[in-house]
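File shown here: model28.cif, holding mmCIF, C-alpha atoms and all ligand atoms.
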data_coords
#
loop_
_atom_site.label_atom_id
_atom_site.label_comp_id
_atom_site.auth_asym_id
_atom_site.auth_seq_id
_atom_site.Cartn_x
_atom_site.Cartn_y
_atom_site.Cartn_z
CA MET A 1 24.30 -19.59 -20.83
CA GLU A 2 25.13 -15.91 -20.38
CA GLU A 3 24.91 -14.73 -16.75
CA LYS A 4 22.23 -12.08 -16.29
CA LYS A 5 23.51 -8.72 -15.08
CA THR A 6 22.60 -7.57 -11.58
CA VAL A 7 20.43 -4.47 -11.89
CA LEU A 8 19.96 -3.74 -8.19
CA SER A 9 22.05 -4.85 -5.25
CA VAL A 10 21.06 -3.93 -1.69
CA LYS A 11 23.49 -4.85 1.09
CA ASN A 12 22.75 -4.55 4.80
CA LEU A 13 20.20 -1.78 4.36
CA SER A 14 18.84 -0.33 7.60
CA VAL A 15 16.38 2.55 7.93
CA SER A 16 15.83 4.36 11.20
CA PHE A 17 13.63 7.21 12.39
CA THR A 18 14.38 9.82 14.98
CA GLN A 19 11.46 10.51 17.27
CA TYR A 20 10.87 12.69 20.30
CA GLU A 21 8.89 11.44 23.28
CA ARG A 22 7.00 14.25 25.03
CA TRP A 23 9.02 16.68 22.86
CA ILE A 24 12.15 16.06 24.94
CA LYS A 25 13.48 12.52 24.92
CA ARG A 26 15.07 11.63 21.61
CA THR A 27 14.70 7.98 20.49
CA THR A 28 15.72 6.06 17.40
CA LEU A 29 13.42 3.50 15.86
CA LEU A 30 15.12 0.93 13.64
CA ALA A 31 12.30 0.28 11.15
CA VAL A 32 14.26 -1.75 8.57
CA LYS A 33 17.18 -3.82 9.80
CA ASP A 34 19.99 -5.37 7.82
CA VAL A 35 18.22 -6.22 4.55
CA SER A 36 20.11 -7.59 1.56
CA LEU A 37 18.76 -8.58 -1.85
CA THR A 38 19.56 -8.51 -5.55
CA VAL A 39 17.43 -8.11 -8.67
CA ARG A 40 18.86 -9.24 -11.99
CA GLU A 41 17.84 -8.37 -15.54
CA GLY A 42 14.71 -10.22 -16.60
CA GLU A 43 13.90 -11.17 -13.04
CA LEU A 44 10.90 -10.42 -10.86
CA VAL A 45 11.74 -10.51 -7.15
CA ALA A 46 8.82 -10.21 -4.74
CA VAL A 47 9.28 -8.91 -1.20
CA VAL A 48 6.44 -10.48 0.75
CA GLY A 49 5.34 -9.61 4.27
CA SER A 50 2.30 -8.51 6.23
CA SER A 51 1.49 -4.83 6.65
CA GLY A 52 3.70 -3.04 9.14
CA SER A 53 6.70 -5.23 8.28
CA GLY A 54 8.60 -2.31 6.69
CA LYS A 55 8.47 -3.46 3.05
CA SER A 56 7.49 -0.07 1.62
CA LEU A 57 10.33 1.61 3.52
CA LEU A 58 12.70 -0.74 1.73
CA ALA A 59 11.32 0.53 -1.62
CA HIS A 60 11.51 4.16 -0.55
CA GLY A 61 15.03 3.66 0.84
CA VAL A 62 16.21 2.29 -2.52
CA LEU A 63 14.57 5.18 -4.37
CA GLY A 64 15.96 7.82 -2.00
CA ILE A 65 12.50 9.13 -1.10
CA LEU A 66 12.43 8.41 2.62
CA PRO A 67 10.74 10.92 4.95
CA TYR A 68 12.89 13.80 6.25
CA ASN A 69 13.30 12.27 9.74
CA ALA A 70 14.63 8.97 8.39
CA ALA A 71 18.26 7.95 8.07
CA TRP A 72 19.65 4.94 6.27
CA SER A 73 22.84 2.92 6.18
CA GLY A 74 24.10 0.11 3.98
CA GLU A 75 25.03 -0.10 0.33
CA ILE A 76 22.79 0.24 -2.72
CA SER A 77 24.22 -0.35 -6.20
CA TYR A 78 22.72 -0.12 -9.68
CA TYR A 79 24.48 -2.11 -12.42
CA GLY A 80 27.48 -2.51 -10.11
CA GLU A 81 27.91 1.20 -9.35
CA LYS A 82 27.07 2.82 -6.05
CA LEU A 83 23.69 4.52 -6.22
CA THR A 84 24.43 7.92 -4.78
CA GLU A 85 21.73 10.52 -4.13
CA LYS A 86 22.91 12.45 -7.20
CA ARG A 87 22.88 9.41 -9.47
CA MET A 88 19.47 8.33 -8.21
CA GLY A 89 18.18 11.85 -8.91
CA GLN A 90 19.31 11.44 -12.53
CA LEU A 91 17.82 7.96 -12.96
CA ARG A 92 14.56 8.20 -10.98
CA GLY A 93 11.54 8.44 -13.25
CA LYS A 94 13.63 7.37 -16.24
CA GLU A 95 15.66 4.14 -15.89
CA ILE A 96 14.39 3.51 -12.36
CA VAL A 97 10.66 3.94 -11.76
CA LEU A 98 8.23 3.53 -8.91
CA VAL A 99 4.71 2.25 -9.42
CA PRO A 100 3.29 3.65 -6.20
CA GLN A 101 0.87 2.18 -3.74
CA SER A 102 -1.24 5.28 -3.45
CA VAL A 103 -3.48 6.40 -6.30
CA SER A 104 -2.98 9.94 -4.98
CA TYR A 105 0.18 10.00 -7.11
CA LEU A 106 -2.16 10.83 -10.01
CA ASP A 107 -3.08 14.48 -10.50
CA PRO A 108 -6.86 14.66 -9.89
CA LEU A 109 -7.20 17.58 -12.32
CA MET A 110 -5.38 16.03 -15.26
CA LYS A 111 -6.84 13.59 -17.78
CA ALA A 112 -5.38 10.08 -17.92
CA GLY A 113 -3.81 10.51 -21.37
CA ALA A 114 -1.94 13.67 -20.35
CA GLN A 115 -0.65 11.94 -17.19
CA ILE A 116 0.68 9.07 -19.29
CA ARG A 117 2.42 11.48 -21.69
CA ASN A 118 3.94 13.30 -18.71
CA GLY A 119 5.66 10.03 -17.81
CA LYS A 120 8.08 10.76 -20.63
CA ARG A 121 10.92 13.25 -20.29
CA ASP A 122 10.23 14.99 -23.59
CA GLN A 123 6.42 14.63 -23.32
CA GLY A 124 5.14 11.59 -25.18
CA SER A 125 2.86 11.98 -28.18
CA MET A 126 -0.84 11.19 -28.28
CA GLY A 127 0.01 8.14 -30.43
CA GLU A 128 2.35 6.83 -27.72
CA SER A 129 -0.17 7.26 -24.92
CA LEU A 130 -2.86 5.50 -26.98
CA LYS A 131 -0.44 2.65 -27.72
CA THR A 132 0.33 2.34 -24.00
CA LEU A 133 -3.37 2.32 -23.11
CA LYS A 134 -3.91 -0.46 -25.64
CA ARG A 135 -0.98 -2.42 -24.25
CA TYR A 136 -2.65 -2.43 -20.85
CA GLY A 137 -6.07 -3.39 -22.18
CA LEU A 138 -7.64 0.07 -21.92
CA ASP A 139 -9.57 1.58 -24.82
CA GLU A 140 -8.86 5.02 -26.17
CA THR A 141 -11.84 6.67 -24.45
CA VAL A 142 -9.85 6.32 -21.20
CA GLU A 143 -7.45 8.96 -22.59
CA LYS A 144 -9.96 11.66 -21.81
CA LEU A 145 -11.05 10.49 -18.36
CA TYR A 146 -10.11 12.15 -15.06
CA PRO A 147 -8.81 9.95 -12.22
CA PHE A 148 -12.17 10.08 -10.37
CA GLU A 149 -13.83 8.51 -13.42
CA LEU A 150 -11.53 5.46 -13.42
CA SER A 151 -12.20 2.13 -11.68
CA GLY A 152 -9.59 0.72 -9.28
CA GLY A 153 -8.16 -1.63 -11.91
CA MET A 154 -8.02 1.13 -14.55
CA THR A 155 -6.25 3.48 -12.12
CA ARG A 156 -3.60 0.84 -11.42
CA ARG A 157 -3.03 0.36 -15.13
CA ILE A 158 -2.72 4.13 -15.66
CA LEU A 159 -0.10 4.25 -12.87
CA ILE A 160 1.81 1.47 -14.63
CA SER A 161 1.44 3.26 -17.98
CA THR A 162 2.95 6.49 -16.63
CA ALA A 163 5.89 4.51 -15.23
CA VAL A 164 6.77 2.58 -18.38
CA MET A 165 6.83 5.45 -20.89
CA GLU A 166 10.64 5.70 -20.53
CA LYS A 167 11.26 1.92 -20.88
CA PRO A 168 12.73 1.55 -17.38
CA LYS A 169 15.48 -0.92 -16.48
CA LEU A 170 14.40 -1.20 -12.86
CA VAL A 171 10.73 -1.14 -11.83
CA ILE A 172 9.80 -0.94 -8.15
CA ALA A 173 6.12 -1.71 -7.60
CA ASP A 174 4.88 -0.91 -4.13
CA GLU A 175 1.69 -2.88 -3.32
CA PRO A 176 0.20 -2.43 -6.79
CA THR A 177 -2.97 -4.49 -6.22
CA PRO A 178 -4.82 -3.28 -3.11
CA GLY A 179 -8.60 -3.18 -3.43
CA LEU A 180 -8.61 -5.12 -6.70
CA HIS A 181 -10.61 -8.30 -7.15
CA LEU A 182 -8.56 -11.40 -7.86
CA GLU A 183 -8.80 -11.37 -11.65
CA ALA A 184 -7.90 -7.65 -11.89
CA ALA A 185 -5.00 -8.14 -9.45
CA LYS A 186 -3.67 -11.07 -11.52
CA ARG A 187 -3.92 -8.96 -14.68
CA VAL A 188 -1.99 -6.09 -13.07
CA LEU A 189 0.73 -8.44 -11.85
CA SER A 190 0.99 -10.08 -15.27
CA HIS A 191 2.07 -6.67 -16.63
CA PHE A 192 5.05 -6.69 -14.24
CA ARG A 193 5.93 -10.21 -15.40
CA GLU A 194 5.85 -8.91 -18.98
CA MET A 195 8.27 -6.09 -18.06
CA ALA A 196 10.67 -8.65 -16.57
CA ASP A 197 10.32 -10.89 -19.62
CA GLU A 198 11.28 -7.90 -21.74
CA GLY A 199 14.51 -7.54 -19.74
CA ALA A 200 13.78 -5.15 -16.87
CA GLY A 201 14.51 -6.02 -13.25
CA VAL A 202 11.31 -5.84 -11.21
CA LEU A 203 11.07 -5.52 -7.44
CA LEU A 204 7.50 -6.17 -6.33
CA ILE A 205 6.46 -5.27 -2.80
CA THR A 206 3.32 -7.13 -1.70
CA HIS A 207 1.48 -8.67 1.23
CA ASP A 208 -0.01 -11.38 -1.00
CA LEU A 209 2.21 -14.45 -1.22
CA GLU A 210 -0.24 -16.42 -3.33
CA LEU A 211 -0.39 -13.73 -6.02
CA ALA A 212 3.38 -13.16 -5.86
CA LEU A 213 3.98 -16.85 -6.53
CA GLU A 214 2.06 -16.54 -9.81
CA VAL A 215 4.62 -14.13 -11.29
CA ALA A 216 7.83 -14.04 -9.23
CA ASP A 217 11.14 -15.78 -9.82
CA ARG A 218 12.29 -15.28 -6.26
CA ILE A 219 10.58 -14.43 -2.99
CA VAL A 220 12.13 -12.44 -0.14
CA VAL A 221 10.14 -13.03 3.04
CA PHE A 222 9.94 -9.98 5.31
CA TYR A 223 9.13 -10.11 9.01
CA ALA A 224 9.24 -7.29 11.57
CA GLY A 225 11.43 -5.05 9.41
CA THR A 226 13.92 -7.59 8.19
CA SER A 227 14.36 -10.30 5.58
CA VAL A 228 14.17 -13.79 7.08
CA GLU A 229 14.39 -15.87 3.90
CA GLU A 230 15.08 -15.60 0.20
CA ALA A 231 13.83 -18.57 -1.81
CA SER A 232 13.09 -19.34 -5.42
CA ALA A 233 9.33 -19.28 -6.09
CA SER A 234 9.51 -22.99 -6.88
CA ASP A 235 10.64 -23.72 -3.29
CA PHE A 236 7.10 -22.81 -2.22
CA ARG A 237 5.83 -26.00 -3.88
CA ASP A 238 7.00 -28.01 -0.90
CA GLU A 239 7.19 -26.85 2.72
CA ARG A 240 10.33 -28.95 3.24
CA LEU A 241 12.23 -26.83 0.74
CA LEU A 242 11.63 -23.67 2.78
CA ARG A 243 14.34 -22.64 5.20
CA HIS A 244 12.71 -20.43 7.84
CA PRO A 245 9.88 -21.34 10.26
CA TYR A 246 7.99 -18.13 9.32
CA SER A 247 8.09 -19.00 5.59
CA LYS A 248 6.78 -22.46 6.50
CA ALA A 249 4.01 -20.80 8.53
CA LEU A 250 3.09 -18.62 5.51
CA TYR A 251 3.01 -21.77 3.39
CA MET A 252 0.66 -23.49 5.83
CA ALA A 253 -1.61 -20.43 5.93
CA MET A 254 -2.24 -20.57 2.16
CA PRO A 255 -5.71 -21.74 1.05
CA ASP A 256 -4.33 -24.89 -0.64
CA HIS A 257 -2.62 -25.95 2.58
CA GLY A 258 -5.51 -25.60 4.97
CA PHE A 259 -5.42 -21.93 6.08
CA CYS A 260 -3.45 -22.96 9.21
CA ALA A 261 -2.34 -19.65 10.69
CA ALA A 262 0.58 -19.71 13.15
CA PRO A 263 -0.32 -18.61 16.69
CA GLY A 264 0.71 -15.13 17.81
CA ALA A 265 1.26 -11.97 15.80
CA GLN A 266 4.13 -10.06 14.26
CA PRO A 267 5.55 -7.62 16.84
CA TYR A 268 5.40 -3.87 16.28
CA ILE A 269 8.77 -2.70 15.03
CA LYS A 270 9.45 -0.87 18.30
CA ASP A 271 8.85 -4.12 20.23
CA ARG A 272 11.04 -6.30 18.00
CA PRO A 273 13.05 -8.61 20.25
CA SER A 274 16.81 -8.63 20.04
CA GLY A 275 18.13 -11.68 18.21
CA CYS A 276 15.62 -13.54 16.05
CA PRO A 277 12.46 -11.43 15.51
CA TYR A 278 10.37 -14.59 15.11
CA ALA A 279 11.54 -16.12 18.43
CA PRO A 280 8.39 -15.31 20.48
CA ARG A 281 6.31 -17.38 18.03
CA CYS A 282 8.78 -20.09 17.13
CA GLU A 283 8.40 -23.61 18.48
CA ARG A 284 12.07 -24.34 17.78
CA ARG A 285 13.57 -21.39 19.68
CA GLU A 286 16.38 -21.91 22.13
CA ALA A 287 18.78 -19.64 24.02
CA LYS A 288 21.07 -18.95 21.05
CA CYS A 289 18.10 -17.58 19.04
CA LEU A 290 18.07 -14.55 21.34
CA GLU A 291 21.57 -13.57 20.27
CA LYS A 292 22.51 -11.99 16.94
CA VAL A 293 21.18 -14.08 14.04
CA ASP A 294 22.97 -13.57 10.70
CA TYR A 295 21.47 -13.78 7.22
CA VAL A 296 23.36 -16.62 5.52
CA SER A 297 23.31 -18.59 2.26
CA LEU A 298 21.65 -21.96 2.36
CA ALA A 299 20.58 -24.36 -0.40
CA GLY A 300 20.59 -21.71 -3.13
CA GLY A 301 18.72 -19.17 -1.01
CA MET A 302 19.25 -17.09 2.13
CA VAL A 303 17.97 -17.54 5.67
CA ARG A 304 18.09 -15.83 9.05
CA CYS A 305 17.72 -18.74 11.44
CA VAL A 306 20.36 -20.43 13.58
CA LYS A 307 18.67 -23.80 13.23
CA ALA A 308 18.05 -23.81 9.49
CA GLU A 309 19.64 -26.73 7.76
CA GLU A 310 19.73 -28.13 4.26
CA GLY A 311 16.59 -30.24 3.80
S1 LIG B 1 16.49 -18.46 14.97
FE1 LIG B 1 15.52 -19.75 16.50
S2 LIG B 1 13.65 -18.68 17.07
FE2 LIG B 1 14.36 -17.82 15.14
S3 LIG B 1 13.30 -18.94 13.59
FE3 LIG B 1 15.24 -19.96 13.91
S4 LIG B 1 14.81 -21.55 15.45
FE4 LIG B 1 13.09 -20.10 15.47
#

The structure in this file should be written as structure tokens.
Amino acid sequence: MEEKKTVLSVKNLSVSFTQYERWIKRTTLLAVKDVSLTVREGELVAVVGSSGSGKSLLAHGVLGILPYNAAWSGEISYYGEKLTEKRMGQLRGKEIVLVPQSVSYLDPLMKAGAQIRNGKRDQGSMGESLKTLKRYGLDETVEKLYPFELSGGMTRRILISTAVMEKPKLVIADEPTPGLHLEAAKRVLSHFREMADEGAGVLLITHDLELALEVADRIVVFYAGTSVEEASASDFRDERLLRHPYSKALYMAMPDHGFCAAPGAQPYIKDRPSGCPYAPRCERREAKCLEKVDYVSLAGGMVRCVKAEEG
């Protein structure tokens, strides 16, 4: 079988912010630390973590749209070539698209159809926007509606429509389902699965593991600004197949497994302990967990835990 090409490769990405305390003391906050992942053609990779874990910064770092006071290090490649600022500028909005978290990305004074057509470099035609609306289960009357007239689910589908007008090769979806009821959220995510099935690489950022498992090929588990495990979605069928104690805790917290939440809470990024970020909550911790913990390959996935072993 032909090996699928790697669309996106992120190696050791870190994102930091410069801050000033009382206007004088300069501090650096390492918000995303040492994250690596790949997305191949036809694959949907979900980055899953609770809010405040730094997932959206990962998306913005890849897209080169970090805030002005942020700095990043690491290596980002697209189809094997380094993704420089210049190259990203040429590809963003065309081959590489963001489906944003915030509905404020839509122009409140522009009708939905015009916003969809604007998603295309040379302005799409009315026929194309109507076809796209139909593809996402919206009837043609939506063409003439302003954003304030759309429901939450419709707005999400308009955001997707604007992003896909150029037939992107890499889609980055940043929390595309907030505020949607379960059925609407599943429908929105099924559109990302469709894009992957048509050959695009899709990176989905979400807090909802259960929904992610419905559509993803692989799951990257995020905790306190870093990736702690990468597993195939099928590994989440059985807790014993998971490599990291936090992934196991997420598994146990799912409705089908008894809603058993792990004690404690994720630390604020600024309070992240050195060594393993999960150590304060981990029953298995020992002295070596407080030293540097590398992200290593294990059983077809990746893990950041000194005690992880092949199950
Ligand atoms: S490195 Fe240690 S503290 Fe961290 S998850 Fe593994 S066993 Fe627990």

Taking only residues of chain A that have an atom at most 12 Å from an atom of ligand LIG 1 (chain B), what is each one's shortest atom pair and its distance in Å to one decimal, using all atoms listed in the file, in chain and number order, as a Markdown table?
| residue | atom | partner | partner_atom | distance |
| --- | --- | --- | --- | --- |
| A:Tyr223 | CA | B:LIG1 | S3 | 10.8 |
| A:Ser227 | CA | B:LIG1 | S3 | 11.8 |
| A:Val228 | CA | B:LIG1 | S3 | 8.3 |
| A:Glu229 | CA | B:LIG1 | S3 | 10.2 |
| A:Leu242 | CA | B:LIG1 | S3 | 11.9 |
| A:Arg243 | CA | B:LIG1 | FE3 | 9.2 |
| A:His244 | CA | B:LIG1 | S3 | 6.0 |
| A:Pro245 | CA | B:LIG1 | S3 | 5.3 |
| A:Tyr246 | CA | B:LIG1 | S3 | 6.9 |
| A:Ser247 | CA | B:LIG1 | S3 | 9.5 |
| A:Lys248 | CA | B:LIG1 | S3 | 10.3 |
| A:Ala249 | CA | B:LIG1 | S3 | 10.7 |
| A:Pro273 | CA | B:LIG1 | S2 | 10.6 |
| A:Ser274 | CA | B:LIG1 | FE2 | 10.7 |
| A:Gly275 | CA | B:LIG1 | S1 | 7.7 |
| A:Cys276 | CA | B:LIG1 | FE2 | 4.6 |
| A:Pro277 | CA | B:LIG1 | FE2 | 6.7 |
| A:Tyr278 | CA | B:LIG1 | FE2 | 5.1 |
| A:Ala279 | CA | B:LIG1 | S2 | 3.6 |
| A:Pro280 | CA | B:LIG1 | S2 | 7.1 |
| A:Arg281 | CA | B:LIG1 | S2 | 7.5 |
| A:Cys282 | CA | B:LIG1 | FE4 | 4.6 |
| A:Glu283 | CA | B:LIG1 | FE4 | 6.6 |
| A:Arg284 | CA | B:LIG1 | S4 | 4.6 |
| A:Arg285 | CA | B:LIG1 | S2 | 3.8 |
| A:Glu286 | CA | B:LIG1 | FE1 | 6.1 |
| A:Ala287 | CA | B:LIG1 | FE1 | 8.2 |
| A:Lys288 | CA | B:LIG1 | FE1 | 7.2 |
| A:Cys289 | CA | B:LIG1 | FE1 | 4.2 |
| A:Leu290 | CA | B:LIG1 | S2 | 7.4 |
| A:Glu291 | CA | B:LIG1 | S1 | 8.8 |
| A:Lys292 | CA | B:LIG1 | S1 | 9.1 |
| A:Val293 | CA | B:LIG1 | S1 | 6.5 |
| A:Asp294 | CA | B:LIG1 | S1 | 9.2 |
| A:Tyr295 | CA | B:LIG1 | S1 | 10.3 |
| A:Val296 | CA | B:LIG1 | S1 | 11.8 |
| A:Val303 | CA | B:LIG1 | FE3 | 9.0 |
| A:Arg304 | CA | B:LIG1 | S1 | 6.7 |
| A:Cys305 | CA | B:LIG1 | FE3 | 3.7 |
| A:Val306 | CA | B:LIG1 | S1 | 4.6 |
| A:Lys307 | CA | B:LIG1 | S4 | 5.0 |
| A:Ala308 | CA | B:LIG1 | FE3 | 6.5 |
| A:Glu309 | CA | B:LIG1 | FE3 | 10.1 |

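Atom CA of A:Ser161 is found 17.7 Å from atom CA of A:Leu109.
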
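Using only C-alpha atoms for every distance, the candidate list A:Val202, A:Leu8, A:Val48, A:Ile172 yields A:Ile172 as the residue closest to A:His60.
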
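Residue nearest A:Thr28, chosen from A:Leu145, A:Glu210, A:Gln115, A:Lys270 and counting only C-alpha atoms: A:Lys270.
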
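Take atom CA of A:Glu214 and atom CA of A:Arg193: the distance between them is 9.3 Å.
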
Check the smallest atom-to-atom distance from each of A:Lys33, A:Lys11, A:Arg26, A:Lys5 to A:Arg272 using only C-alpha atoms, then report the winner. A:Lys33

Reconstructed stretch 109-119 of chain A, atom set all heavy atoms, as an mmCIF file, in the frame of the given file:
data_model
loop_
_atom_site.group_PDB
_atom_site.id
_atom_site.type_symbol
_atom_site.label_atom_id
_atom_site.label_comp_id
_atom_site.auth_asym_id
_atom_site.auth_seq_id
_atom_site.Cartn_x
_atom_site.Cartn_y
_atom_site.Cartn_z
ATOM 1 N N LEU A 109 -6.669 16.618 -11.354
ATOM 2 C CA LEU A 109 -7.200 17.580 -12.320
ATOM 3 C C LEU A 109 -6.670 17.361 -13.732
ATOM 4 O O LEU A 109 -6.879 18.184 -14.623
ATOM 5 C CB LEU A 109 -6.840 19.014 -11.863
ATOM 6 C CG LEU A 109 -7.351 19.397 -10.477
ATOM 7 C CD1 LEU A 109 -6.850 20.772 -10.092
ATOM 8 C CD2 LEU A 109 -8.870 19.350 -10.432
ATOM 9 N N MET A 110 -5.961 16.263 -13.927
ATOM 10 C CA MET A 110 -5.380 16.030 -15.260
ATOM 11 C C MET A 110 -5.942 14.736 -15.855
ATOM 12 O O MET A 110 -6.077 13.733 -15.160
ATOM 13 C CB MET A 110 -3.850 15.914 -15.119
ATOM 14 C CG MET A 110 -3.131 16.035 -16.433
ATOM 15 S SD MET A 110 -1.373 15.717 -16.223
ATOM 16 C CE MET A 110 -0.794 17.277 -15.635
ATOM 17 N N LYS A 111 -6.282 14.783 -17.130
ATOM 18 C CA LYS A 111 -6.840 13.590 -17.780
ATOM 19 C C LYS A 111 -5.784 12.488 -17.884
ATOM 20 O O LYS A 111 -4.577 12.776 -17.938
ATOM 21 C CB LYS A 111 -7.362 13.960 -19.172
ATOM 22 C CG LYS A 111 -8.604 14.830 -19.102
ATOM 23 C CD LYS A 111 -9.083 15.211 -20.484
ATOM 24 C CE LYS A 111 -10.304 16.114 -20.338
ATOM 25 N NZ LYS A 111 -10.723 16.684 -21.617
ATOM 26 N N ALA A 112 -6.292 11.238 -17.947
ATOM 27 C CA ALA A 112 -5.380 10.080 -17.920
ATOM 28 C C ALA A 112 -4.332 10.139 -19.026
ATOM 29 O O ALA A 112 -3.145 9.890 -18.777
ATOM 30 C CB ALA A 112 -6.194 8.795 -18.027
ATOM 31 N N GLY A 113 -4.748 10.489 -20.240
ATOM 32 C CA GLY A 113 -3.810 10.510 -21.370
ATOM 33 C C GLY A 113 -2.659 11.471 -21.129
ATOM 34 O O GLY A 113 -1.495 11.147 -21.390
ATOM 35 N N ALA A 114 -2.979 12.660 -20.603
ATOM 36 C CA ALA A 114 -1.940 13.670 -20.350
ATOM 37 C C ALA A 114 -0.984 13.176 -19.266
ATOM 38 O O ALA A 114 0.232 13.406 -19.331
ATOM 39 C CB ALA A 114 -2.591 14.979 -19.928
ATOM 40 N N GLN A 115 -1.511 12.450 -18.264
ATOM 41 C CA GLN A 115 -0.650 11.940 -17.190
ATOM 42 C C GLN A 115 0.319 10.897 -17.746
ATOM 43 O O GLN A 115 1.481 10.845 -17.364
ATOM 44 C CB GLN A 115 -1.485 11.317 -16.070
ATOM 45 C CG GLN A 115 -2.606 12.207 -15.639
ATOM 46 C CD GLN A 115 -2.793 12.262 -14.124
ATOM 47 O OE1 GLN A 115 -1.870 12.057 -13.360
ATOM 48 N NE2 GLN A 115 -3.987 12.590 -13.699
ATOM 49 N N ILE A 116 -0.194 10.090 -18.684
ATOM 50 C CA ILE A 116 0.680 9.070 -19.290
ATOM 51 C C ILE A 116 1.786 9.763 -20.088
ATOM 52 O O ILE A 116 2.965 9.415 -19.969
ATOM 53 C CB ILE A 116 -0.139 8.112 -20.187
ATOM 54 C CG1 ILE A 116 -1.117 7.308 -19.333
ATOM 55 C CG2 ILE A 116 0.776 7.174 -20.960
ATOM 56 C CD1 ILE A 116 -2.123 6.503 -20.123
ATOM 57 N N ARG A 117 1.411 10.777 -20.880
ATOM 58 C CA ARG A 117 2.420 11.480 -21.690
ATOM 59 C C ARG A 117 3.456 12.171 -20.815
ATOM 60 O O ARG A 117 4.631 12.235 -21.132
ATOM 61 C CB ARG A 117 1.750 12.491 -22.631
ATOM 62 C CG ARG A 117 0.985 11.818 -23.765
ATOM 63 C CD ARG A 117 0.550 12.806 -24.817
ATOM 64 N NE ARG A 117 -0.516 13.680 -24.383
ATOM 65 C CZ ARG A 117 -1.801 13.329 -24.295
ATOM 66 N NH1 ARG A 117 -2.167 12.109 -24.618
ATOM 67 N NH2 ARG A 117 -2.713 14.190 -23.884
ATOM 68 N N ASN A 118 3.011 12.654 -19.649
ATOM 69 C CA ASN A 118 3.940 13.300 -18.710
ATOM 70 C C ASN A 118 4.987 12.342 -18.170
ATOM 71 O O ASN A 118 6.005 12.765 -17.620
ATOM 72 C CB ASN A 118 3.169 13.857 -17.497
ATOM 73 C CG ASN A 118 2.772 15.278 -17.737
ATOM 74 O OD1 ASN A 118 3.106 15.847 -18.774
ATOM 75 N ND2 ASN A 118 2.043 15.862 -16.800
ATOM 76 N N GLY A 119 4.709 11.041 -18.288
ATOM 77 C CA GLY A 119 5.660 10.030 -17.810
ATOM 78 C C GLY A 119 6.918 10.018 -18.653
ATOM 79 O O GLY A 119 7.900 9.366 -18.318
#
